[in-house]
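Asker: A single structure is presented below for examination.
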Amino acid sequence: MREIIKLESTAGTGFFYTTTRNKKANQGKLEITKFDPKARKHVKFVEKKLSK
């Protein structure tokens with residue numbers, strides 16, 4: 001009951017993390033601050049659909 005999502009950097013580097021989230025929990029788009037190694041700083045990552 002989990003879906004794979006992509007967390008994409010807002011710094012415009014193209015770097016992304018993949019993670020899972022509960023399909024039944026409608027909480028809106030996930031936004032989290034994580035480290036972007038290409039930008040070499042912590043930036044906001046937003047949820048995007050993972051293209052299969």
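Ordering of the structure tokens sets the chain letters (A, B, ...); residue numbers start at 1 within each chain; ligands are numbered from 1 in the order shown.
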Would you return as a ChimeraX atom specification the members of stretch 5-52 of chain A that DSSP assigns to strand (DSSP E) on this structure's backbone?

Answerer: /A:5-9,16-22,31-36,41-49

Asker: Determine the nearest neighbour of A:Leu7 from the options A:Lys29, A:Lys48, A:Arg21, A:Lys34, counting only C-alpha atoms.

Answerer: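 With only C-alpha atoms as the atom set, the closest residue is A:Lys48.
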
Asker: Need the shell around A:Arg2: protein/DNA/RNA residues with any atom at most 12 Å away, counting only C-alpha atoms. Skip same-chain ones fewer than 3 positions apart. Format as a PyMOL selection string?

Answerer: chain A and resi 5+19-25

Asker: Go ahead and write the selection's residues with C-alpha atoms as an mmCIF file, in the first residue's frame.

Answerer:
```cif
data_model
loop_
_atom_site.group_PDB
_atom_site.id
_atom_site.type_symbol
_atom_site.label_atom_id
_atom_site.label_comp_id
_atom_site.auth_asym_id
_atom_site.auth_seq_id
_atom_site.Cartn_x
_atom_site.Cartn_y
_atom_site.Cartn_z
ATOM 1 C CA ILE A 5 7.898 8.964 -5.140
ATOM 2 C CA THR A 19 11.369 7.268 -1.155
ATOM 3 C CA THR A 20 7.998 5.695 -0.429
ATOM 4 C CA ARG A 21 4.832 7.074 1.099
ATOM 5 C CA ASN A 22 1.462 5.725 2.128
ATOM 6 C CA LYS A 23 -1.067 5.809 -0.741
ATOM 7 C CA LYS A 24 -4.063 6.199 1.556
ATOM 8 C CA ALA A 25 -2.755 9.279 3.413
#
```

Asker: Hey, what's within 9 Å of A:Lys38 if we count only C-alpha atoms and toss same-chain stuff fewer than 3 positions away? As number ranges by chain, please?

Answerer: A: 13-15, 41

Asker: Go ahead and save the picked residues with N, CA and C atoms, as a PDB file, in the first residue's frame.

Answerer:
```pdb
ATOM      1  N   THR A  13      19.410  21.639  -9.815  1.00  0.00           N
ATOM      2  CA  THR A  13      20.569  20.826 -10.186  1.00  0.00           C
ATOM      3  C   THR A  13      20.167  19.517 -10.846  1.00  0.00           C
ATOM      4  N   GLY A  14      18.897  19.126 -10.709  1.00  0.00           N
ATOM      5  CA  GLY A  14      18.447  17.865 -11.263  1.00  0.00           C
ATOM      6  C   GLY A  14      18.641  16.693 -10.320  1.00  0.00           C
ATOM      7  N   PHE A  15      19.189  16.943  -9.147  1.00  0.00           N
ATOM      8  CA  PHE A  15      19.419  15.876  -8.168  1.00  0.00           C
ATOM      9  C   PHE A  15      18.101  15.497  -7.513  1.00  0.00           C
ATOM     10  N   LYS A  41      24.713  22.227  -0.460  1.00  0.00           N
ATOM     11  CA  LYS A  41      24.018  22.870   0.657  1.00  0.00           C
ATOM     12  C   LYS A  41      22.661  22.209   0.848  1.00  0.00           C
TER      13      LYS A  41
END
```

Asker: Name the closest residue to A:Gly28 among the candidates A:Glu8, A:Arg40, A:Glu47, A:Phe16; distances are taken between atoms, counting only C-alpha atoms.

Answerer: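 Of the candidates, the smallest distance to A:Gly28 is held by A:Glu47.
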
Asker: Could you give me, as JSON, numbers by chain, the residues within 7 Å of A:Val43, counting only C-alpha atoms and dropping anything in the same chain fewer than 4 positions from it?

Answerer: {"A": [9, 10, 11, 33, 34, 35, 36]}

Asker: One number please: atom CA of A:Ile4 to atom CA of A:Leu50, in Å, one decimal.

Answerer: 6.8 Å
